[in-house]
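Engineer: Structure in structure tokens, see below.
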Amino acid sequence: MSALLNDITFGQYYPGNSVVHRMDPRAKVVLTVAAIVLIFLARVAVAVACTVVFTAAAVALTRMPVKLYLKTLKPIIPIIILTSVINALYVSSGTVVVHVWQITITTGGLLTALYMAVRICLLIITSSLLTYTTSPTQLTDAIERLLSPLALLRLDVHTLAMMMTIALRFIPTLIEETEKIMAAQKARGADLDSGGLMRRVKALVPVLIPLLISSFRRAAELADAMECRCYHGGKDRTRMRQLHLSARDWLAFAVTAAVFGAVVAANQMASGLLYALFTGGAL
Amino acid sequence: MDPIIQFDHMHFAYAAAEDRPARPLFEDFSLALERGGFTAVLGHNGSGKSTLARMCNGMLLPTAGAVLADGMNTADAASQLAIRKRVGLVFQNPDNQIVSSIVEEDVAFGPENLGVPPQEIRQRVDDALRAVDMYEYRTHSTSRLSGGQKQRVAIAGVLAMHPRCLVLDEPTAMLDPRGRREVLDTVSRLNRERGMTVVLITHYMEEAALADRCVVLERGRVLLDGTPRQVFAHARELEATGLTLPVPCQLAVRLAEAGLALDPLPLTEAECTARLAEILS
Ligand SMILES: Nc1ncnc2c1ncn2[C@@H]1O[C@H](COP(=O)(O)OP(=O)(O)OP(=O)(O)O)[C@@H](O)[C@H]1O
Ligand SMILES: [Mg+2]
């Protein structure tokens with residue numbers, strides 16, 4: 001297995017048999033969107049804690065090594081650090097912790113920075129959770145069915161979903177091929193990793209052109225193979241996997257709704273408390 | 001003879017391009033492939049093997065004459081789907097014929113297109129995967145399989161449509177020796193145990209030795225046609241078309257030149273050593 005391929009964990013699917021794996025993919029897509037909204041909604045400590053526990057519980061239910069989730073966080077560490085630093089520097093509320101020259105760091109700033117970091121991590125973990133436990137076909141299937149009302153607007157949802165399936169299927173193939181071409185060009189003395197930006201971009205041309213040409217050839221062959229397997233668009237097509245919402249999906253909806261309620265209530269209570277403090281102080 | 005695929009005085013030419021005129025590839029070509037048989041089609045590069053394969057299920061249509069697949073004319077647009085369902089095509093590059101990222105979902109692609117009910121698709125997919133010995137891999141990712149495994153998944157994908165005939169266009173050309181063995185074993189077993197009609201297109205004569213009929217093409221004509229033993233006996237003609245005889249046959253030819261004829265002609269190493277041991281003792 002190629003080195004590049006091994007590094008890419010985000011968007012991969014890991015077959016398994018956990019409750020989360022067996023959930024209806026439509027429910028998973030909807031719940032992932034809900035969880036993302038939830039993560040951004042949480043403003044106060046209790047609410048953020050709720051989203052952390054919620055995500056941790058979901059991760060535990062997938063019965064997959066936590067290491068896999070942490071691995072997806074690795075490439076975005078710089079982003080987390082950057083946003084945290086900016087938040088810590090720019091937000092000023094609460095008491096002052098450090099005050100050196102022009103720089104003031106307040107408790108409010110630190111808290112915002114922390115929440116922001118937690119939010120970004122949860123966001124990445126939640127979306128990896130979806131792709132880790134849902135095969136690309138199931139995912140596109142779910143999206144196809146969730147978007148099916150758009151067919152009324154003359155949008156060809158089936159073709160869109162098929163394009164997604166094929167794109168996901170060919171990502172590993174194309175990565176592998178890119179590596180092969182790069183190795184071949186290097187063996188002929190091409191220097192792909194040094195020089196200025198322009199030089200490096202120019203050096204990539206002999207990699208991209210063969211890749212493009214071979215992709216066209218692949219596309220033509222795949223189209224033939226699909227035609228030989230009786231593909232004729234979405235008309236009269238059936239699916240092996242019937243989607244139906246089962247008890248565990250409804251339970252997941254209920255739990256998410258409850259967490260949603262908790263987060264909103266925590267936010268409300270906190271602002272109510274602040275209001276009381278302020279007005280109390282004024283009196 | 002009850003032919004499943006019949007080329008009947010068929011003519012074919014690719015459309016002319018800038019760099020070459022439309023030169024007819026097949027002229028008045030006739031050939032019948034028997035139901036339940038295992039036919040190997042041999043030929044050097046450019047002899048028209050792939051073109052022939054694509055004509056079997058109407059991917060390419062003859063310019064004159066007819067091609068009948070399971071009794072249906074491939075030029076008849078109304079029976080197009082029925083023909084593709086009955087004559088399954090497997091191509092050379094396994095990477096470019098797998099549609100889905102997961103093994104079982106890829107195998108389901110054909111029956112899904114045919115509108116088979118979900119329960120039955122499940123059944124067909126499991127059967128097809130068992131037939132090619134890939135059942136344990138059903139939930140695996142297709143991108144992490146070996147070449148031989150990918151090609152067997154491609155075969156399962158075609159089998160799940162319940163075809164009457166399997167046409168394989170150089171299915172082993174991109175595989176290592178082990179993958180080649182796996183695919184050939186699978187194909188011979190399908191023919192032997194399930195009575196599946198197999199048309200194996202190849203330019204390896206060792207592979208053709210597994211078949212019960214061997215057709216050698218040269219520039220759109222049938223050069224030789226018979227059992228592998230009959231065909232392989234024409235060492236000179238075969239070598240003139242650029243095909244390489246299997247090593248045991250080459251040895252037999254040399255021995256014959258030296259005055260020791262091995263009869264019948266040995267096709268495999270095992271056969272050859274057995275014959276030689278017999279003679280020497
Ligand atoms: N799409 C095409 N357009 C024009 N000419 C073609 C096309 N495909 C093949 N040919 C030509 O037709 C002839 C037969 O090609 P075909 O692919 O059937 O041969 P083949 O026996 O399969 O060869 P190979 O062993 O290389 O796969 C060749 O001379 C080839 O150049
Ligand atoms: Mg060919």
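Ligands are numbered from 1 in the order shown, residues from 1 within each chain, and chains are lettered A, B, ... in the order they appear in the structure tokens.
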When the cut-off is 7 Å and we count only C-alpha atoms, which residues of chain B are near chain A, given as a list in words?
Structural biologist: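 Going by the stated atoms only, the list reads Leu81, Arg84, Lys85, Gly88, Leu89, Asn96, Gln97, Val99, Ser100, Ser101, Ala108, Gly110, Glu112, Asn113, Leu114, Gly115, Val116, Pro117, Pro118, Ile121, Arg122, Thr139, His140, Ser143 and Val158 of chain B.
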Engineer: Produce as a list in words the set of residues near ligand 1, where near means within 7 Å with only C-alpha atoms and all ligand atoms considered.
Structural biologist: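 Written in the requested form, the residues are Tyr14, Ala15, Leu25, Gly43, His44, Asn45, Gly46, Ser47, Gly48, Lys49, Ser50, Thr51, Leu52 and His203 of chain B.
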Engineer: Using only C-alpha atoms and all ligand atoms for the distances, tell me which of B:Ile201, B:Met174, B:Leu33, B:Met134 is nearest to ligand 2.
Structural biologist: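 Between B:Ile201, B:Met174, B:Leu33, B:Met134, the residue approaching ligand 2 most closely is B:Ile201.
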Engineer: Report as a PyMOL selection string all protein, DNA and RNA residues lying within 9 Å of A:Val46, evaluated on only C-alpha atoms, omitting residues in the same chain fewer than 3 positions from it.
Structural biologist: chain A and resi 42-43+49-51+262-263+266-267+270
Engineer: With C-alpha atoms retained, write the just-selected residues as a PDB file, in the first residue's frame.
Structural biologist:
ATOM      1  CA  ALA A  42     -23.094  25.477  22.094  1.00  0.00           C
ATOM      2  CA  ARG A  43     -21.820  28.714  23.624  1.00  0.00           C
ATOM      3  CA  ALA A  49     -19.599  19.758  27.660  1.00  0.00           C
ATOM      4  CA  CYS A  50     -22.888  18.288  26.413  1.00  0.00           C
ATOM      5  CA  THR A  51     -21.613  18.213  22.813  1.00  0.00           C
ATOM      6  CA  ALA A 262     -30.100  20.496  26.715  1.00  0.00           C
ATOM      7  CA  VAL A 263     -27.683  22.669  24.727  1.00  0.00           C
ATOM      8  CA  ALA A 266     -27.936  25.620  28.875  1.00  0.00           C
ATOM      9  CA  ASN A 267     -27.301  28.548  26.537  1.00  0.00           C
ATOM     10  CA  ALA A 270     -26.474  31.082  31.039  1.00  0.00           C
TER      11      ALA A 270
END
Engineer: Give me every strand (DSSP E) residue in stretch 14-258 of chain A, going by DSSP on the backbone, as a PDB file with C-alpha atoms, in the first residue's frame.
Structural biologist:
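The result, stored in out25.pdb:
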ATOM      1  CA  VAL A  96      -7.126  39.982  32.809  1.00  0.00           C
ATOM      2  CA  VAL A  97      -4.695  37.095  33.126  1.00  0.00           C
ATOM      3  CA  VAL A  98      -1.632  38.464  31.391  1.00  0.00           C
ATOM      4  CA  HIS A  99      -0.888  42.007  30.341  1.00  0.00           C
ATOM      5  CA  VAL A 100       2.429  42.533  28.613  1.00  0.00           C
ATOM      6  CA  ILE A 103      -0.938  42.153  24.583  1.00  0.00           C
ATOM      7  CA  THR A 104      -3.786  41.452  26.930  1.00  0.00           C
ATOM      8  CA  ILE A 105      -5.052  37.985  27.584  1.00  0.00           C
ATOM      9  CA  THR A 106      -8.282  37.616  29.483  1.00  0.00           C
TER      10      THR A 106
END
Engineer: Give the alpha helix (DSSP H) residues of stretch 71-247 of chain A, as assigned by DSSP on the backbone, as a PyMOL selection string.
Structural biologist: chain A and resi 71-73+77-90+107-133+136-146+157-187+197-228+247
Engineer: With a distance cut-off of 12 Å and only C-alpha atoms, select the neighbouring residues of stretch 183-188 of chain A, excluding the residue or stretch itself and same-chain residues fewer than 6 positions from it, and output the selection as a PyMOL selection string.
Structural biologist: chain A and resi 2+176-177+203-210
Engineer: Could those selected residues go to a file with N, CA, C and O atoms, as a short mmCIF file (atom, residue, chain, number, x, y, z; two decimals), in the first residue's frame?
Structural biologist:
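Okay, result-v2.cif is ready:
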data_model
loop_
_atom_site.label_atom_id
_atom_site.label_comp_id
_atom_site.auth_asym_id
_atom_site.auth_seq_id
_atom_site.Cartn_x
_atom_site.Cartn_y
_atom_site.Cartn_z
N SER A 2 0.47 2.20 -0.77
CA SER A 2 1.31 3.37 -0.94
C SER A 2 1.32 4.24 0.32
O SER A 2 0.40 4.21 1.12
N GLU A 176 -2.88 6.28 -6.30
CA GLU A 176 -1.86 5.26 -6.57
C GLU A 176 -1.16 5.56 -7.90
O GLU A 176 0.06 5.49 -8.01
N GLU A 177 -1.97 5.91 -8.89
CA GLU A 177 -1.41 6.19 -10.20
C GLU A 177 -0.50 7.42 -10.18
O GLU A 177 0.55 7.42 -10.80
N ALA A 203 7.15 21.59 -12.73
CA ALA A 203 7.64 20.21 -12.67
C ALA A 203 6.48 19.22 -12.57
O ALA A 203 6.63 18.05 -12.88
N LEU A 204 5.31 19.73 -12.11
CA LEU A 204 4.16 18.83 -11.96
C LEU A 204 3.46 18.54 -13.30
O LEU A 204 2.72 17.58 -13.41
N VAL A 205 3.70 19.40 -14.29
CA VAL A 205 3.02 19.22 -15.58
C VAL A 205 3.25 17.82 -16.16
O VAL A 205 2.29 17.15 -16.54
N PRO A 206 4.49 17.33 -16.19
CA PRO A 206 4.69 15.98 -16.72
C PRO A 206 4.05 14.89 -15.87
O PRO A 206 4.01 13.74 -16.28
N VAL A 207 3.58 15.24 -14.68
CA VAL A 207 2.85 14.25 -13.88
C VAL A 207 1.37 14.34 -14.20
O VAL A 207 0.69 13.33 -14.36
N LEU A 208 0.88 15.57 -14.32
CA LEU A 208 -0.56 15.76 -14.49
C LEU A 208 -1.05 15.35 -15.87
O LEU A 208 -2.14 14.81 -16.00
N ILE A 209 -0.23 15.61 -16.90
CA ILE A 209 -0.68 15.28 -18.26
C ILE A 209 -0.92 13.78 -18.42
O ILE A 209 -2.02 13.37 -18.82
N PRO A 210 0.05 12.92 -18.06
CA PRO A 210 -0.23 11.48 -18.18
C PRO A 210 -1.42 11.05 -17.32
O PRO A 210 -2.20 10.20 -17.72
#
Engineer: Name the residues in contact with B:Val125 at a cut-off of 9 Å, using only C-alpha atoms, excluding same-chain residues fewer than 5 positions from it; report them as a ChimeraX atom specification.
Structural biologist: /B:104-105,107-108,111,120,130,138,156-157,159-160
Engineer: I need the chosen residues saved as a PDB file, in the first residue's frame, with all heavy atoms.
Structural biologist:
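Dumped to out12.pdb:
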ATOM      1  N   GLU B 104     -19.233  -6.275  -2.305  1.00  0.00           N
ATOM      2  CA  GLU B 104     -20.593  -6.785  -2.549  1.00  0.00           C
ATOM      3  C   GLU B 104     -21.463  -5.743  -3.254  1.00  0.00           C
ATOM      4  O   GLU B 104     -22.342  -6.089  -4.027  1.00  0.00           O
ATOM      5  CB  GLU B 104     -21.251  -7.266  -1.262  1.00  0.00           C
ATOM      6  CG  GLU B 104     -21.416  -6.207  -0.212  1.00  0.00           C
ATOM      7  CD  GLU B 104     -22.152  -6.729   1.027  1.00  0.00           C
ATOM      8  OE1 GLU B 104     -22.279  -7.952   1.161  1.00  0.00           O
ATOM      9  OE2 GLU B 104     -22.589  -5.901   1.837  1.00  0.00           O
ATOM     10  N   GLU B 105     -21.172  -4.476  -3.008  1.00  0.00           N
ATOM     11  CA  GLU B 105     -21.967  -3.446  -3.660  1.00  0.00           C
ATOM     12  C   GLU B 105     -21.630  -3.377  -5.147  1.00  0.00           C
ATOM     13  O   GLU B 105     -22.487  -3.087  -5.977  1.00  0.00           O
ATOM     14  CB  GLU B 105     -21.753  -2.098  -2.975  1.00  0.00           C
ATOM     15  CG  GLU B 105     -22.394  -2.091  -1.598  1.00  0.00           C
ATOM     16  CD  GLU B 105     -22.092  -0.853  -0.783  1.00  0.00           C
ATOM     17  OE1 GLU B 105     -21.341   0.006  -1.266  1.00  0.00           O
ATOM     18  OE2 GLU B 105     -22.611  -0.765   0.334  1.00  0.00           O
ATOM     19  N   VAL B 107     -20.693  -6.042  -6.929  1.00  0.00           N
ATOM     20  CA  VAL B 107     -21.307  -7.220  -7.547  1.00  0.00           C
ATOM     21  C   VAL B 107     -22.804  -6.991  -7.747  1.00  0.00           C
ATOM     22  O   VAL B 107     -23.390  -7.467  -8.712  1.00  0.00           O
ATOM     23  CB  VAL B 107     -21.030  -8.476  -6.692  1.00  0.00           C
ATOM     24  CG1 VAL B 107     -21.722  -9.693  -7.272  1.00  0.00           C
ATOM     25  CG2 VAL B 107     -19.529  -8.716  -6.603  1.00  0.00           C
ATOM     26  N   ALA B 108     -23.412  -6.195  -6.854  1.00  0.00           N
ATOM     27  CA  ALA B 108     -24.851  -5.935  -6.954  1.00  0.00           C
ATOM     28  C   ALA B 108     -25.202  -4.998  -8.110  1.00  0.00           C
ATOM     29  O   ALA B 108     -26.368  -4.906  -8.500  1.00  0.00           O
ATOM     30  CB  ALA B 108     -25.364  -5.338  -5.640  1.00  0.00           C
ATOM     31  N   PRO B 111     -27.309  -6.714 -11.269  1.00  0.00           N
ATOM     32  CA  PRO B 111     -28.709  -7.015 -10.955  1.00  0.00           C
ATOM     33  C   PRO B 111     -29.526  -5.775 -10.574  1.00  0.00           C
ATOM     34  O   PRO B 111     -30.717  -5.711 -10.887  1.00  0.00           O
ATOM     35  CB  PRO B 111     -28.631  -8.001  -9.780  1.00  0.00           C
ATOM     36  CG  PRO B 111     -27.199  -8.222  -9.493  1.00  0.00           C
ATOM     37  CD  PRO B 111     -26.371  -7.575 -10.542  1.00  0.00           C
ATOM     38  N   GLU B 120     -33.615 -10.898  -3.842  1.00  0.00           N
ATOM     39  CA  GLU B 120     -32.976 -11.766  -4.818  1.00  0.00           C
ATOM     40  C   GLU B 120     -31.577 -11.257  -5.160  1.00  0.00           C
ATOM     41  O   GLU B 120     -30.674 -12.058  -5.390  1.00  0.00           O
ATOM     42  CB  GLU B 120     -33.833 -11.873  -6.080  1.00  0.00           C
ATOM     43  CG  GLU B 120     -33.425 -13.074  -6.912  1.00  0.00           C
ATOM     44  CD  GLU B 120     -34.047 -13.080  -8.293  1.00  0.00           C
ATOM     45  OE1 GLU B 120     -35.183 -12.596  -8.428  1.00  0.00           O
ATOM     46  OE2 GLU B 120     -33.380 -13.566  -9.232  1.00  0.00           O
ATOM     47  N   ARG B 130     -19.471 -16.537  -3.879  1.00  0.00           N
ATOM     48  CA  ARG B 130     -19.025 -17.889  -3.527  1.00  0.00           C
ATOM     49  C   ARG B 130     -18.439 -18.583  -4.757  1.00  0.00           C
ATOM     50  O   ARG B 130     -17.453 -19.286  -4.662  1.00  0.00           O
ATOM     51  CB  ARG B 130     -20.186 -18.715  -2.967  1.00  0.00           C
ATOM     52  CG  ARG B 130     -20.502 -18.344  -1.544  1.00  0.00           C
ATOM     53  CD  ARG B 130     -21.228 -19.474  -0.817  1.00  0.00           C
ATOM     54  NE  ARG B 130     -21.642 -18.997   0.487  1.00  0.00           N
ATOM     55  CZ  ARG B 130     -22.832 -18.423   0.720  1.00  0.00           C
ATOM     56  NH1 ARG B 130     -23.725 -18.321  -0.237  1.00  0.00           N
ATOM     57  NH2 ARG B 130     -23.108 -17.974   1.917  1.00  0.00           N
ATOM     58  N   ARG B 138     -16.567 -10.031   1.036  1.00  0.00           N
ATOM     59  CA  ARG B 138     -17.712  -9.274   0.521  1.00  0.00           C
ATOM     60  C   ARG B 138     -17.811  -7.847   1.052  1.00  0.00           C
ATOM     61  O   ARG B 138     -18.269  -6.971   0.339  1.00  0.00           O
ATOM     62  CB  ARG B 138     -19.017 -10.039   0.743  1.00  0.00           C
ATOM     63  CG  ARG B 138     -19.400 -10.266   2.195  1.00  0.00           C
ATOM     64  CD  ARG B 138     -20.534 -11.275   2.269  1.00  0.00           C
ATOM     65  NE  ARG B 138     -20.919 -11.527   3.652  1.00  0.00           N
ATOM     66  CZ  ARG B 138     -20.207 -12.301   4.473  1.00  0.00           C
ATOM     67  NH1 ARG B 138     -19.092 -12.872   4.049  1.00  0.00           N
ATOM     68  NH2 ARG B 138     -20.601 -12.490   5.709  1.00  0.00           N
ATOM     69  N   ALA B 156     -17.514 -12.019 -10.752  1.00  0.00           N
ATOM     70  CA  ALA B 156     -18.719 -12.173  -9.924  1.00  0.00           C
ATOM     71  C   ALA B 156     -19.762 -11.135 -10.327  1.00  0.00           C
ATOM     72  O   ALA B 156     -20.958 -11.439 -10.387  1.00  0.00           O
ATOM     73  CB  ALA B 156     -18.371 -12.032  -8.445  1.00  0.00           C
ATOM     74  N   GLY B 157     -19.318  -9.923 -10.621  1.00  0.00           N
ATOM     75  CA  GLY B 157     -20.235  -8.855 -11.018  1.00  0.00           C
ATOM     76  C   GLY B 157     -21.018  -9.232 -12.260  1.00  0.00           C
ATOM     77  O   GLY B 157     -22.190  -8.892 -12.402  1.00  0.00           O
ATOM     78  N   LEU B 159     -21.416 -12.533 -13.235  1.00  0.00           N
ATOM     79  CA  LEU B 159     -22.196 -13.734 -12.893  1.00  0.00           C
ATOM     80  C   LEU B 159     -23.516 -13.384 -12.216  1.00  0.00           C
ATOM     81  O   LEU B 159     -24.515 -14.078 -12.401  1.00  0.00           O
ATOM     82  CB  LEU B 159     -21.394 -14.637 -11.936  1.00  0.00           C
ATOM     83  CG  LEU B 159     -20.234 -15.414 -12.514  1.00  0.00           C
ATOM     84  CD1 LEU B 159     -19.595 -16.269 -11.432  1.00  0.00           C
ATOM     85  CD2 LEU B 159     -20.690 -16.285 -13.675  1.00  0.00           C
ATOM     86  N   ALA B 160     -23.511 -12.299 -11.434  1.00  0.00           N
ATOM     87  CA  ALA B 160     -24.717 -11.920 -10.695  1.00  0.00           C
ATOM     88  C   ALA B 160     -25.858 -11.519 -11.629  1.00  0.00           C
ATOM     89  O   ALA B 160     -27.004 -11.441 -11.205  1.00  0.00           O
ATOM     90  CB  ALA B 160     -24.404 -10.788  -9.728  1.00  0.00           C
TER      91      ALA B 160
END
Engineer: Which residues are near B:Val90? Cut-off 8 Å, only C-alpha atoms, ignore same chain within fewer than 3 positions. Put them as a VMD selection string.
Structural biologist: (chain A and resid 225) or (chain B and resid 154 to 155 158 166 to 169 171)
Engineer: Quick one: residues within 10 Å of B:Leu251, only C-alpha atoms counted, chain neighbours fewer than 4 positions away excluded, as a list in words?
Structural biologist: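 Near neighbours after the sequence-gap exclusion: Leu245, Pro246, Val247, Leu255, Ala256, Glu257, Leu262, Pro266 and Cys272 of chain B.
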Engineer: Keeping only C-alpha atoms, write the selected residues as a compact mmCIF listing (two decimals), in the first residue's frame.
Structural biologist:
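This went into out-v4.txt:
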# COMPACT_ATOMS: atom_id res chain seq x y z
CA LEU B 245 4.04 -22.43 -27.94
CA PRO B 246 3.98 -23.67 -24.33
CA VAL B 247 7.35 -25.09 -23.26
CA LEU B 255 12.12 -34.05 -30.10
CA ALA B 256 10.05 -34.71 -33.22
CA GLU B 257 12.69 -32.95 -35.31
CA LEU B 262 5.54 -37.78 -28.73
CA PRO B 266 1.72 -33.13 -24.47
CA CYS B 272 5.13 -34.14 -20.86
Engineer: In terms of the shortest atom-to-atom distance over only C-alpha atoms, which of B:Arg229, B:Arg54, B:Arg194, B:Arg20 is closest to B:Phe91?
Structural biologist: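 Of all the options, B:Arg54 lies closest to B:Phe91.
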Engineer: For the atom pair atom CA of A:Val20 and atom CA of A:Ala34, what is the interatomic distance in Å to one decimal place?
Structural biologist: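 Interatomic distance, atom CA of A:Val20 to atom CA of A:Ala34: 15.8 Å.
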